[in-house]
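One file, entry-v3.pdb, carrying PDB, C-alpha atoms (C1' of nucleotides):
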```
MODEL        1
ATOM      1  CA  MET A  25      -2.061 -77.595  98.251
ATOM      2  CA  ASP A  26       1.090 -79.685  98.091
ATOM      3  CA  ALA A  27       3.866 -78.824  95.640
ATOM      4  CA  LYS A  28       3.242 -81.692  93.249
ATOM      5  CA  THR A  29      -0.465 -80.963  92.911
ATOM      6  CA  LYS A  30       0.349 -77.329  92.362
ATOM      7  CA  VAL A  31       2.716 -78.064  89.501
ATOM      8  CA  GLN A  32       0.179 -80.416  87.986
ATOM      9  CA  CYS A  33      -2.631 -77.879  88.127
ATOM     10  CA  GLU A  34      -0.408 -75.204  86.666
ATOM     11  CA  ALA A  35       0.538 -77.449  83.773
ATOM     12  CA  ARG A  36      -3.068 -78.236  83.038
ATOM     13  CA  ALA A  37      -4.202 -74.668  83.387
ATOM     14  CA  ARG A  38      -1.512 -73.504  80.991
ATOM     15  CA  ILE A  39      -2.873 -75.748  78.273
ATOM     16  CA  ILE A  40      -6.489 -74.868  78.889
ATOM     17  CA  LYS A  41      -5.689 -71.191  79.034
ATOM     18  CA  ALA A  42      -4.039 -71.383  75.635
ATOM     19  CA  LEU A  43      -7.416 -72.431  74.248
ATOM     20  CA  GLY A  44      -9.284 -69.665  76.014
ATOM     21  CA  HIS A  45      -9.525 -67.053  73.305
ATOM     22  CA  PRO A  46     -12.127 -66.709  70.541
ATOM     23  CA  SER A  47      -9.612 -66.538  67.706
ATOM     24  CA  ARG A  48      -7.695 -69.484  69.029
ATOM     25  CA  VAL A  49     -10.850 -71.529  69.437
ATOM     26  CA  HIS A  50     -11.711 -70.725  65.866
ATOM     27  CA  MET A  51      -8.292 -71.676  64.585
ATOM     28  CA  VAL A  52      -8.142 -74.940  66.509
ATOM     29  CA  GLU A  53     -11.534 -75.871  65.188
ATOM     30  CA  ALA A  54     -10.363 -75.228  61.638
ATOM     31  CA  LEU A  55      -7.184 -77.189  62.245
ATOM     32  CA  SER A  56      -9.228 -80.132  63.428
ATOM     33  CA  ARG A  57     -10.351 -80.427  59.826
ATOM     34  CA  GLY A  58      -6.784 -80.395  58.510
ATOM     35  CA  GLU A  59      -3.627 -78.342  58.363
ATOM     36  CA  ARG A  60      -3.711 -74.682  57.394
ATOM     37  CA  CYS A  61      -1.052 -72.126  56.565
ATOM     38  CA  VAL A  62      -0.815 -68.869  58.482
ATOM     39  CA  CYS A  63      -2.247 -66.930  55.568
ATOM     40  CA  GLU A  64      -5.382 -69.066  55.487
ATOM     41  CA  LEU A  65      -5.890 -68.734  59.224
ATOM     42  CA  THR A  66      -5.300 -65.006  59.002
ATOM     43  CA  GLU A  67      -7.932 -64.614  56.331
ATOM     44  CA  MET A  68     -10.306 -66.763  58.358
ATOM     45  CA  VAL A  69      -9.879 -64.931  61.634
ATOM     46  CA  GLY A  70      -9.781 -61.462  60.128
ATOM     47  CA  ALA A  71      -7.051 -59.919  62.272
ATOM     48  CA  ASP A  72      -3.563 -58.642  61.551
ATOM     49  CA  VAL A  73      -1.115 -61.352  60.456
ATOM     50  CA  SER A  74       1.155 -60.526  63.338
ATOM     51  CA  THR A  75      -1.694 -61.018  65.766
ATOM     52  CA  VAL A  76      -2.530 -64.397  64.275
ATOM     53  CA  SER A  77       1.109 -65.393  64.363
ATOM     54  CA  LYS A  78       1.252 -64.622  68.051
ATOM     55  CA  HIS A  79      -1.892 -66.588  68.717
ATOM     56  CA  LEU A  80      -0.348 -69.530  66.929
ATOM     57  CA  SER A  81       2.768 -69.312  69.016
ATOM     58  CA  VAL A  82       0.635 -69.428  72.153
ATOM     59  CA  LEU A  83      -0.969 -72.635  70.896
ATOM     60  CA  LYS A  84       2.394 -74.013  69.910
ATOM     61  CA  ASN A  85       4.028 -73.260  73.238
ATOM     62  CA  ALA A  86       1.200 -75.072  74.962
ATOM     63  CA  GLY A  87       1.821 -78.101  72.772
ATOM     64  CA  ILE A  88      -1.582 -77.959  71.129
ATOM     65  CA  VAL A  89      -0.387 -77.414  67.575
ATOM     66  CA  LYS A  90       2.757 -78.099  65.627
ATOM     67  CA  ASP A  91       4.167 -76.240  62.654
ATOM     68  CA  GLU A  92       5.959 -77.289  59.526
ATOM     69  CA  LYS A  93       7.683 -74.967  57.158
ATOM     70  CA  ARG A  94       7.278 -75.713  53.465
ATOM     71  CA  GLY A  95       8.769 -73.202  51.101
ATOM     72  CA  SER A  96       7.902 -69.743  52.233
ATOM     73  CA  GLN A  97       4.797 -70.879  54.080
ATOM     74  CA  VAL A  98       4.303 -72.367  57.526
ATOM     75  CA  PHE A  99       1.595 -74.957  57.986
ATOM     76  CA  TYR A 100       0.021 -75.567  61.365
ATOM     77  CA  SER A 101      -1.811 -78.677  62.472
ATOM     78  CA  LEU A 102      -3.174 -80.210  65.671
ATOM     79  CA  ARG A 103      -0.647 -82.197  67.604
ATOM     80  CA  VAL A 104      -3.196 -84.136  69.627
ATOM     81  CA  PRO A 105      -6.491 -85.026  67.951
ATOM     82  CA  CYS A 106      -8.626 -85.316  71.074
ATOM     83  CA  ILE A 107      -8.899 -81.560  71.301
ATOM     84  CA  LEU A 108     -12.384 -82.014  69.948
ATOM     85  CA  ASP A 109     -13.507 -83.781  73.126
ATOM     86  CA  PHE A 110     -12.958 -80.435  74.639
ATOM     87  CA  PHE A 111     -15.469 -78.766  72.452
ATOM     88  CA  GLY A 112     -17.981 -81.527  72.985
ATOM     89  CA  CYS A 113     -18.144 -80.707  76.649
ATOM     90  CA  VAL A 114     -18.107 -76.984  76.054
ATOM     91  CA  GLU A 115     -21.170 -77.505  73.920
ATOM     92  CA  ALA A 116     -22.864 -79.343  76.769
ATOM     93  CA  VAL A 117     -22.198 -76.421  79.100
ATOM     94  CA  LEU A 118     -23.562 -74.007  76.534
ATOM     95  CA  GLN A 119     -26.718 -76.066  76.201
ATOM     96  CA  ALA A 120     -27.174 -76.155  79.952
ATOM     97  CA  ASN A 121     -26.722 -72.393  80.003
ATOM     98  CA  ALA A 122     -29.275 -71.958  77.253
ATOM     99  CA  ALA A 123     -31.764 -74.218  79.023
ATOM    100  CA  GLU A 124     -31.421 -72.226  82.197
ATOM    101  CA  HIS A 125     -31.771 -69.010  80.309
ATOM    102  CA  ASN A 126     -34.988 -70.230  78.758
ATOM    103  CA  ALA A 127     -36.359 -71.280  82.108
ATOM    104  CA  LEU A 128     -35.586 -67.848  83.476
ATOM    105  CA  MET A 129     -37.325 -66.180  80.565
ATOM    106  CA  ARG A 130     -40.338 -68.367  81.154
ATOM    107  CA  ARG A 131     -40.492 -67.366  84.794
ATOM    108  CA  LEU A 132     -40.097 -63.713  83.955
ATOM    109  CA  SER A 133     -42.839 -63.781  81.408
ATOM    110  CA  CYS A 134     -45.070 -65.587  83.881
ATOM    111  CA  ALA A 135     -44.362 -62.890  86.402
ATOM    112  CA  ALA A 136     -45.161 -60.241  83.819
ATOM    113  CA  PHE A 137     -48.285 -61.823  82.393
ATOM    114  CA  GLY A 138     -49.504 -63.817  85.344
ATOM    115  CA  CYS A 139     -49.449 -67.372  84.039
ATOM    116  CA  ARG A 140     -49.916 -70.139  86.511
ATOM    117  CA  THR A 141     -46.926 -72.054  87.907
ATOM    118  CA  LYS A 142     -46.945 -74.970  90.308
TER     119      LYS A 142
ATOM    120  CA  MET B   3     -15.275 -64.356  60.224
ATOM    121  CA  ASP B   4     -19.040 -63.992  60.019
ATOM    122  CA  ALA B   5     -21.031 -62.686  62.953
ATOM    123  CA  LYS B   6     -22.579 -65.981  63.953
ATOM    124  CA  THR B   7     -19.262 -67.820  64.040
ATOM    125  CA  LYS B   8     -17.784 -64.994  66.052
ATOM    126  CA  VAL B   9     -20.493 -65.176  68.703
ATOM    127  CA  GLN B  10     -20.093 -68.942  68.844
ATOM    128  CA  CYS B  11     -16.340 -68.779  69.301
ATOM    129  CA  GLU B  12     -16.678 -66.133  71.966
ATOM    130  CA  ALA B  13     -19.176 -68.240  73.878
ATOM    131  CA  ARG B  14     -16.905 -71.249  73.753
ATOM    132  CA  ALA B  15     -13.816 -69.301  74.659
ATOM    133  CA  ARG B  16     -15.555 -67.784  77.658
ATOM    134  CA  ILE B  17     -16.202 -71.220  79.085
ATOM    135  CA  ILE B  18     -12.739 -72.539  78.375
ATOM    136  CA  LYS B  19     -11.137 -69.427  79.760
ATOM    137  CA  ALA B  20     -13.015 -69.880  83.010
ATOM    138  CA  LEU B  21     -11.182 -73.174  83.428
ATOM    139  CA  GLY B  22      -7.805 -71.683  82.608
ATOM    140  CA  HIS B  23      -6.403 -71.048  86.055
ATOM    141  CA  PRO B  24      -4.526 -73.411  88.356
ATOM    142  CA  SER B  25      -6.798 -72.864  91.356
ATOM    143  CA  ARG B  26      -9.899 -73.275  89.263
ATOM    144  CA  VAL B  27      -8.578 -76.445  87.693
ATOM    145  CA  HIS B  28      -7.901 -77.775  91.141
ATOM    146  CA  MET B  29     -11.346 -76.874  92.406
ATOM    147  CA  VAL B  30     -13.173 -78.327  89.432
ATOM    148  CA  GLU B  31     -11.246 -81.524  89.820
ATOM    149  CA  ALA B  32     -12.265 -81.730  93.466
ATOM    150  CA  LEU B  33     -15.860 -80.959  92.587
ATOM    151  CA  SER B  34     -15.851 -83.807  90.100
ATOM    152  CA  ARG B  35     -15.652 -86.066  93.125
ATOM    153  CA  GLY B  36     -18.623 -84.399  94.819
ATOM    154  CA  GLU B  37     -19.894 -81.124  96.172
ATOM    155  CA  ARG B  38     -17.764 -78.973  98.440
ATOM    156  CA  CYS B  39     -18.421 -75.904 100.539
ATOM    157  CA  VAL B  40     -16.394 -72.741 100.082
ATOM    158  CA  CYS B  41     -14.509 -73.365 103.287
ATOM    159  CA  GLU B  42     -13.314 -76.774 102.120
ATOM    160  CA  LEU B  43     -12.212 -75.406  98.768
ATOM    161  CA  THR B  44     -10.456 -72.534 100.471
ATOM    162  CA  GLU B  45      -8.504 -74.859 102.688
ATOM    163  CA  MET B  46      -7.660 -77.021  99.703
ATOM    164  CA  VAL B  47      -6.457 -74.208  97.471
ATOM    165  CA  GLY B  48      -4.648 -72.320 100.190
ATOM    166  CA  ALA B  49      -5.581 -68.768  99.210
ATOM    167  CA  ASP B  50      -7.657 -66.063 100.836
ATOM    168  CA  VAL B  51     -11.371 -66.905 101.118
ATOM    169  CA  SER B  52     -12.250 -63.846  99.107
ATOM    170  CA  THR B  53      -9.982 -64.987  96.316
ATOM    171  CA  VAL B  54     -11.556 -68.420  96.270
ATOM    172  CA  SER B  55     -15.022 -66.911  96.294
ATOM    173  CA  LYS B  56     -14.146 -64.862  93.244
ATOM    174  CA  HIS B  57     -12.766 -67.880  91.445
ATOM    175  CA  LEU B  58     -15.999 -69.693  92.164
ATOM    176  CA  SER B  59     -18.029 -66.858  90.770
ATOM    177  CA  VAL B  60     -15.999 -67.023  87.572
ATOM    178  CA  LEU B  61     -16.841 -70.719  87.262
ATOM    179  CA  LYS B  62     -20.450 -70.048  88.089
ATOM    180  CA  ASN B  63     -20.824 -67.260  85.566
ATOM    181  CA  ALA B  64     -19.458 -69.578  82.911
ATOM    182  CA  GLY B  65     -22.073 -72.161  83.830
ATOM    183  CA  ILE B  66     -19.535 -74.734  84.934
ATOM    184  CA  VAL B  67     -20.623 -75.001  88.546
ATOM    185  CA  LYS B  68     -23.779 -74.336  90.493
ATOM    186  CA  ASP B  69     -24.168 -73.325  94.109
ATOM    187  CA  GLU B  70     -26.646 -74.177  96.808
ATOM    188  CA  LYS B  71     -26.933 -72.426 100.094
ATOM    189  CA  ARG B  72     -27.547 -74.618 103.116
ATOM    190  CA  GLY B  73     -27.566 -72.832 106.430
ATOM    191  CA  SER B  74     -24.642 -70.508 106.592
ATOM    192  CA  GLN B  75     -22.609 -72.486 104.075
ATOM    193  CA  VAL B  76     -22.639 -72.483 100.294
ATOM    194  CA  PHE B  77     -22.014 -75.761  98.509
ATOM    195  CA  TYR B  78     -20.667 -75.828  94.987
ATOM    196  CA  SER B  79     -20.965 -78.694  92.532
ATOM    197  CA  LEU B  80     -20.371 -79.363  88.842
ATOM    198  CA  ARG B  81     -23.285 -78.496  86.643
ATOM    199  CA  VAL B  82     -22.170 -80.623  83.715
ATOM    200  CA  PRO B  83     -20.337 -83.859  84.449
ATOM    201  CA  CYS B  84     -18.404 -84.145  81.184
ATOM    202  CA  ILE B  85     -15.899 -81.588  82.396
ATOM    203  CA  LEU B  86     -13.620 -84.525  82.989
ATOM    204  CA  ASP B  87     -13.374 -85.227  79.254
ATOM    205  CA  PHE B  88     -11.577 -81.956  79.231
ATOM    206  CA  PHE B  89      -8.900 -83.139  81.526
ATOM    207  CA  GLY B  90      -8.501 -86.354  79.623
ATOM    208  CA  CYS B  91      -7.370 -84.484  76.569
ATOM    209  CA  VAL B  92      -5.251 -82.082  78.560
ATOM    210  CA  GLU B  93      -3.442 -85.099  79.900
ATOM    211  CA  ALA B  94      -2.824 -86.320  76.360
ATOM    212  CA  VAL B  95      -1.263 -82.983  75.450
ATOM    213  CA  LEU B  96       0.911 -83.086  78.539
ATOM    214  CA  GLN B  97       2.116 -86.545  77.624
ATOM    215  CA  ALA B  98       2.927 -85.448  74.098
ATOM    216  CA  ASN B  99       4.833 -82.523  75.564
ATOM    217  CA  ALA B 100       6.734 -84.798  77.899
ATOM    218  CA  ALA B 101       7.583 -87.183  75.073
ATOM    219  CA  GLU B 102       8.921 -84.348  72.992
ATOM    220  CA  HIS B 103      10.858 -82.992  75.909
ATOM    221  CA  ASN B 104      12.493 -86.370  76.441
ATOM    222  CA  ALA B 105      13.399 -86.637  72.782
ATOM    223  CA  LEU B 106      14.998 -83.211  72.949
ATOM    224  CA  MET B 107      16.989 -84.153  76.035
ATOM    225  CA  ARG B 108      18.184 -87.269  74.264
ATOM    226  CA  ARG B 109      19.357 -85.246  71.304
ATOM    227  CA  LEU B 110      21.066 -82.700  73.522
ATOM    228  CA  SER B 111      22.897 -85.330  75.481
ATOM    229  CA  CYS B 112      23.942 -86.994  72.232
ATOM    230  CA  ALA B 113      25.282 -83.690  71.043
ATOM    231  CA  ALA B 114      27.134 -83.215  74.310
ATOM    232  CA  PHE B 115      28.500 -86.724  74.641
ATOM    233  CA  GLY B 116      28.699 -87.778  71.023
ATOM    234  CA  CYS B 117      26.388 -90.768  70.914
ATOM    235  CA  ARG B 118      25.464 -92.108  67.523
ATOM    236  CA  THR B 119      22.092 -91.256  65.943
ATOM    237  CA  LYS B 120      20.678 -92.481  62.658
TER     238      LYS B 120
ATOM    239  C1'  DT C  26     -29.517 -58.801 121.068
ATOM    240  C1'  DG C  27     -24.605 -59.632 120.583
ATOM    241  C1'  DG C  28     -21.031 -62.360 118.985
ATOM    242  C1'  DC C  29     -19.260 -65.671 115.857
ATOM    243  C1'  DC C  30     -19.117 -68.141 111.529
ATOM    244  C1'  DC C  31     -19.346 -68.424 106.409
ATOM    245  C1'  DT C  32     -19.422 -66.033 102.323
ATOM    246  C1'  DT C  33     -19.513 -62.185  99.092
ATOM    247  C1'  DT C  34     -18.265 -57.418  97.529
ATOM    248  C1'  DG C  35     -15.511 -53.208  96.884
ATOM    249  C1'  DG C  36     -11.231 -51.373  96.140
ATOM    250  C1'  DC C  37      -6.649 -51.319  94.611
ATOM    251  C1'  DA C  38      -1.945 -52.313  93.050
ATOM    252  C1'  DA C  39       0.726 -55.680  90.551
ATOM    253  C1'  DT C  40       0.841 -58.384  86.599
ATOM    254  C1'  DA C  41      -0.587 -60.495  82.201
ATOM    255  C1'  DT C  42      -2.984 -60.435  77.765
ATOM    256  C1'  DT C  43      -4.265 -58.464  73.517
ATOM    257  C1'  DG C  44      -3.789 -56.248  68.981
ATOM    258  C1'  DC C  45      -1.856 -53.087  66.090
ATOM    259  C1'  DC C  46       2.145 -50.967  63.591
ATOM    260  C1'  DA C  47       6.782 -51.116  62.100
ATOM    261  C1'  DA C  48      10.671 -53.595  61.179
ATOM    262  C1'  DA C  49      13.402 -57.847  60.577
ATOM    263  C1'  DT C  50      13.982 -62.530  58.468
ATOM    264  C1'  DG C  51      13.696 -65.913  55.114
ATOM    265  C1'  DT C  52      11.912 -67.572  50.405
ATOM    266  C1'  DT C  53      10.543 -67.372  45.743
ATOM    267  C1'  DT C  54      10.276 -64.900  41.417
ATOM    268  C1'  DT C  55      11.660 -61.682  37.955
TER     269       DT C  55
ATOM    270  C1'  DA D   6      20.090 -58.279  42.827
ATOM    271  C1'  DA D   7      15.675 -56.318  43.475
ATOM    272  C1'  DA D   8      10.922 -56.987  44.163
ATOM    273  C1'  DA D   9       7.247 -59.562  46.076
ATOM    274  C1'  DC D  10       5.490 -62.590  49.375
ATOM    275  C1'  DA D  11       4.931 -65.249  53.995
ATOM    276  C1'  DT D  12       5.926 -65.135  58.599
ATOM    277  C1'  DT D  13       7.909 -63.677  63.010
ATOM    278  C1'  DT D  14       9.546 -60.272  66.401
ATOM    279  C1'  DG D  15       9.848 -55.858  69.054
ATOM    280  C1'  DG D  16       7.477 -52.304  70.992
ATOM    281  C1'  DC D  17       3.687 -50.103  73.014
ATOM    282  C1'  DA D  18      -0.841 -48.590  74.673
ATOM    283  C1'  DA D  19      -5.321 -50.305  76.028
ATOM    284  C1'  DT D  20      -7.542 -53.642  78.637
ATOM    285  C1'  DA D  21      -8.281 -57.660  81.661
ATOM    286  C1'  DT D  22      -6.962 -60.741  85.408
ATOM    287  C1'  DT D  23      -5.341 -61.756  89.864
ATOM    288  C1'  DG D  24      -4.998 -61.666  94.931
ATOM    289  C1'  DC D  25      -4.967 -59.391  99.033
ATOM    290  C1'  DC D  26      -7.209 -56.497 102.663
ATOM    291  C1'  DA D  27     -11.161 -54.365 104.631
ATOM    292  C1'  DA D  28     -15.858 -54.166 105.067
ATOM    293  C1'  DA D  29     -20.546 -55.723 104.453
ATOM    294  C1'  DG D  30     -24.345 -59.196 104.570
ATOM    295  C1'  DG D  31     -26.765 -63.499 106.479
ATOM    296  C1'  DG D  32     -27.310 -67.291 109.496
ATOM    297  C1'  DC D  33     -26.778 -69.586 113.941
ATOM    298  C1'  DC D  34     -26.455 -69.892 118.856
ATOM    299  C1'  DA D  35     -25.848 -68.330 123.599
TER     300       DA D  35
ENDMDL
END
```
For this file, write the structure as structure tokens.
Amino acid sequence: MDAKTKVQCEARARIIKALGHPSRVHMVEALSRGERCVCELTEMVGADVSTVSKHLSVLKNAGIVKDEKRGSQVFYSLRVPCILDFFGCVEAVLQANAAEHNALMRRLSCAAFGCRTK
Amino acid sequence: MDAKTKVQCEARARIIKALGHPSRVHMVEALSRGERCVCELTEMVGADVSTVSKHLSVLKNAGIVKDEKRGSQVFYSLRVPCILDFFGCVEAVLQANAAEHNALMRRLSCAAFGCRTK
DNA sequence: TGGCCCTTTGGCAATATTGCCAAATGTTTT
DNA sequence: AAAACATTTGGCAATATTGCCAAAGGGCCA
């Protein structure tokens, strides 16, 4: 793998990795519907404020969200709207997984109860 | 966060996380251009075969790729084509990051050399 | 059968991530 | 100024990820 490709893959992976956590997925999804302050996100996620703050800084360092201080609160919002394309494809993978799971279940129950397969 | 949302976010994060590694990004990108055997991917990534095999099993467990054994080789391919939408958005984030980085550099060099800003 | 590929698995040490508490910082209110 | 609130940071233990080596299948061919 040549040096340039390596740097490129690392840059991409860094961004994707930042999205790879349940709480962060949840927060990004909420942010796609509009800005939120840390307190709102904290309430939503149900973890310690400090934990949420650190999650947000991961997203911020990756360039996925931006923050804006207003008074004593900090509001976060998506920096790039297309993040949702992401989730569209994730959904497609999940559906494929579910379909396969169903097929497996069908086969298993055929094996157990002796239904006829081609 | 209610139980259903939690499960949903975990499922999504699991898939995204599987893509969050430089070697895996590289491999998925290659696979988007067609199937590849483990040996090809190994050569491409430049790591130990066992390492590559483990990366592939991460992608497979997430439902991102599928494998097919032919003779003594195993060929991997994408299971869901839209994975590329992913990279499209990642690219957008990278560009936003680069733009911001440039703006920062401009400001810094103004500060250092005293150019005029509005 | 024996030897040679291709691939996966087990094991392990190095490293990174996560989440909480406590404490620090900055802001608004009393 | 003190109290109350919103957020970030430092520290730390628990956990997960990563990558190599060694070893274990399977398949192919002489």
Chain A in the frame of chain B after full C-alpha superposition, as a compact mmCIF listing (two decimals) with C-alpha atoms, in the frame of the given file:
```
# COMPACT_ATOMS: atom_id res chain seq x y z
CA MET A 25 -15.27 -64.35 60.24
CA ASP A 26 -19.03 -64.00 60.00
CA ALA A 27 -21.04 -62.68 62.94
CA LYS A 28 -22.59 -65.99 63.94
CA THR A 29 -19.26 -67.82 64.03
CA LYS A 30 -17.81 -64.99 66.04
CA VAL A 31 -20.51 -65.19 68.69
CA GLN A 32 -20.11 -68.95 68.83
CA CYS A 33 -16.36 -68.78 69.30
CA GLU A 34 -16.71 -66.13 71.96
CA ALA A 35 -19.19 -68.26 73.86
CA ARG A 36 -16.91 -71.25 73.75
CA ALA A 37 -13.84 -69.28 74.65
CA ARG A 38 -15.59 -67.78 77.65
CA ILE A 39 -16.22 -71.21 79.08
CA ILE A 40 -12.76 -72.52 78.37
CA LYS A 41 -11.17 -69.40 79.76
CA ALA A 42 -13.05 -69.85 83.01
CA LEU A 43 -11.20 -73.14 83.42
CA GLY A 44 -7.83 -71.63 82.62
CA HIS A 45 -6.44 -70.98 86.07
CA PRO A 46 -4.55 -73.35 88.38
CA SER A 47 -6.82 -72.82 91.37
CA ARG A 48 -9.92 -73.24 89.29
CA VAL A 49 -8.59 -76.41 87.70
CA HIS A 50 -7.91 -77.73 91.16
CA MET A 51 -11.36 -76.84 92.42
CA VAL A 52 -13.17 -78.31 89.43
CA GLU A 53 -11.22 -81.50 89.82
CA ALA A 54 -12.24 -81.71 93.47
CA LEU A 55 -15.84 -80.96 92.59
CA SER A 56 -15.82 -83.80 90.10
CA ARG A 57 -15.60 -86.06 93.13
CA GLY A 58 -18.58 -84.42 94.82
CA GLU A 59 -19.87 -81.14 96.17
CA ARG A 60 -17.75 -78.99 98.45
CA CYS A 61 -18.43 -75.92 100.55
CA VAL A 62 -16.42 -72.75 100.08
CA CYS A 63 -14.52 -73.36 103.29
CA GLU A 64 -13.33 -76.76 102.13
CA LEU A 65 -12.22 -75.40 98.77
CA THR A 66 -10.49 -72.51 100.49
CA GLU A 67 -8.54 -74.83 102.72
CA MET A 68 -7.67 -76.98 99.73
CA VAL A 69 -6.47 -74.18 97.50
CA GLY A 70 -4.68 -72.26 100.22
CA ALA A 71 -5.63 -68.72 99.22
CA ASP A 72 -7.72 -66.01 100.84
CA VAL A 73 -11.42 -66.88 101.13
CA SER A 74 -12.34 -63.83 99.12
CA THR A 75 -10.05 -64.95 96.33
CA VAL A 76 -11.61 -68.40 96.28
CA SER A 77 -15.07 -66.89 96.30
CA LYS A 78 -14.22 -64.85 93.25
CA HIS A 79 -12.82 -67.85 91.46
CA LEU A 80 -16.04 -69.69 92.17
CA SER A 81 -18.09 -66.87 90.77
CA VAL A 82 -16.05 -67.02 87.57
CA LEU A 83 -16.87 -70.72 87.27
CA LYS A 84 -20.48 -70.06 88.10
CA ASN A 85 -20.87 -67.27 85.57
CA ALA A 86 -19.49 -69.58 82.91
CA GLY A 87 -22.08 -72.18 83.83
CA ILE A 88 -19.53 -74.74 84.93
CA VAL A 89 -20.63 -75.01 88.55
CA LYS A 90 -23.79 -74.36 90.49
CA ASP A 91 -24.19 -73.36 94.10
CA GLU A 92 -26.66 -74.23 96.80
CA LYS A 93 -26.96 -72.47 100.09
CA ARG A 94 -27.58 -74.66 103.12
CA GLY A 95 -27.58 -72.91 106.44
CA SER A 96 -24.67 -70.56 106.62
CA GLN A 97 -22.65 -72.50 104.08
CA VAL A 98 -22.68 -72.52 100.30
CA PHE A 99 -22.03 -75.78 98.52
CA TYR A 100 -20.69 -75.85 94.98
CA SER A 101 -20.95 -78.71 92.53
CA LEU A 102 -20.35 -79.38 88.84
CA ARG A 103 -23.28 -78.52 86.65
CA VAL A 104 -22.15 -80.63 83.71
CA PRO A 105 -20.30 -83.87 84.46
CA CYS A 106 -18.36 -84.15 81.21
CA ILE A 107 -15.87 -81.58 82.41
CA LEU A 108 -13.57 -84.51 83.00
CA ASP A 109 -13.31 -85.20 79.27
CA PHE A 110 -11.54 -81.94 79.25
CA PHE A 111 -8.86 -83.10 81.55
CA GLY A 112 -8.45 -86.34 79.66
CA CYS A 113 -7.33 -84.45 76.61
CA VAL A 114 -5.22 -82.04 78.59
CA GLU A 115 -3.40 -85.06 79.92
CA ALA A 116 -2.77 -86.27 76.39
CA VAL A 117 -1.24 -82.92 75.47
CA LEU A 118 0.94 -83.02 78.56
CA GLN A 119 2.16 -86.48 77.65
CA ALA A 120 2.97 -85.37 74.13
CA ASN A 121 4.87 -82.44 75.59
CA ALA A 122 6.77 -84.71 77.92
CA ALA A 123 7.63 -87.11 75.10
CA GLU A 124 8.98 -84.28 73.02
CA HIS A 125 10.92 -82.95 75.93
CA ASN A 126 12.53 -86.33 76.45
CA ALA A 127 13.44 -86.60 72.80
CA LEU A 128 15.06 -83.20 72.97
CA MET A 129 17.04 -84.18 76.04
CA ARG A 130 18.19 -87.30 74.26
CA ARG A 131 19.40 -85.28 71.30
CA LEU A 132 21.16 -82.80 73.52
CA SER A 133 22.94 -85.46 75.45
CA CYS A 134 23.96 -87.12 72.20
CA ALA A 135 25.35 -83.83 71.03
CA ALA A 136 27.22 -83.43 74.30
CA PHE A 137 28.55 -86.96 74.57
CA GLY A 138 28.72 -87.96 70.95
CA CYS A 139 26.38 -90.93 70.78
CA ARG A 140 25.43 -92.21 67.40
CA THR A 141 22.11 -91.23 65.79
CA LYS A 142 20.71 -92.37 62.47
```
- Task: Give as a ChimeraX atom specification the residues that the PyMOL selection byres ((chain A) within 12 of (chain D)) matches when applied to the coordinates above.
- Result: /A:61-64,66,72-81,91,93-99
- Task: Identify the residues within 10 Å of coordinate (-0.9, -75.9, 83.1) (same frame as the file), considering all atoms listed in the file, and give the answer as a PyMOL selection string.
- Result: (chain A and resi 30-42+86) or (chain B and resi 22-24+27+92+96)
- Item | Non-local contacts of segment 100-106 of chain A (10 Å; only C-alpha atoms (C1' of nucleotides); under 6 positions in same chain excluded) as a PyMOL selection string | (chain A and resi 51-62+65+80+83-84+87-93) or (chain B and resi 87-88+90-92+94-99)
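Separating atom CA of Val82 of chain A from atom CA of Leu43 of chain A is a distance of 8.8 Å.
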- Counting all atoms listed in the file, the residue among C:DT55, C:DT42, C:DT33, C:DT50 that lies closest to chain B is C:DT33
Please identify every residue of chain C that has at least one atom no farther than 12 Å from an atom of chain A, counting only C-alpha atoms (C1' of nucleotides), and for each give the shortest atom pair and the distance in Å to one decimal, arranged by chain then increasing number, as a Markdown table.
```
| residue | atom | partner | partner_atom | distance |
| --- | --- | --- | --- | --- |
| C:DT42 | C1' | A:His45 | CA | 10.3 |
| C:DT43 | C1' | A:Thr75 | CA | 8.6 |
| C:DG44 | C1' | A:Thr75 | CA | 6.1 |
| C:DC45 | C1' | A:Asp72 | CA | 7.4 |
| C:DC46 | C1' | A:Ser74 | CA | 9.6 |
| C:DA47 | C1' | A:Ser74 | CA | 11.0 |
| C:DA48 | C1' | A:Ser74 | CA | 12.0 |
| C:DT50 | C1' | A:Ser96 | CA | 11.3 |
| C:DG51 | C1' | A:Ser96 | CA | 7.5 |
| C:DT52 | C1' | A:Ser96 | CA | 4.9 |
| C:DT53 | C1' | A:Ser96 | CA | 7.4 |
```
- Message: Could you tell me how far atom CA of Ala27 of chain A sits from atom CA of Arg26 of chain B, in Å to one decimal place?
- Response: 16.2 Å
- Kindly give the distance, in Å, that separates atom CA of Ile107 of chain A and atom CA of His28 of chain B, rounded to a single decimal. 20.2 Å
Would you compute, for all listed atoms of segment 58-73 of chain A, the axis-aligned bounding box grown by 8 Å on each side, and then report its centre and edge lengths in Å rounded to one decimal, as AutoDock Vina command-line options?
```
--center_x -5.6 --center_y -69.5 --center_z 58.9 --size_x 25.5 --size_y 37.8 --size_z 22.8
```
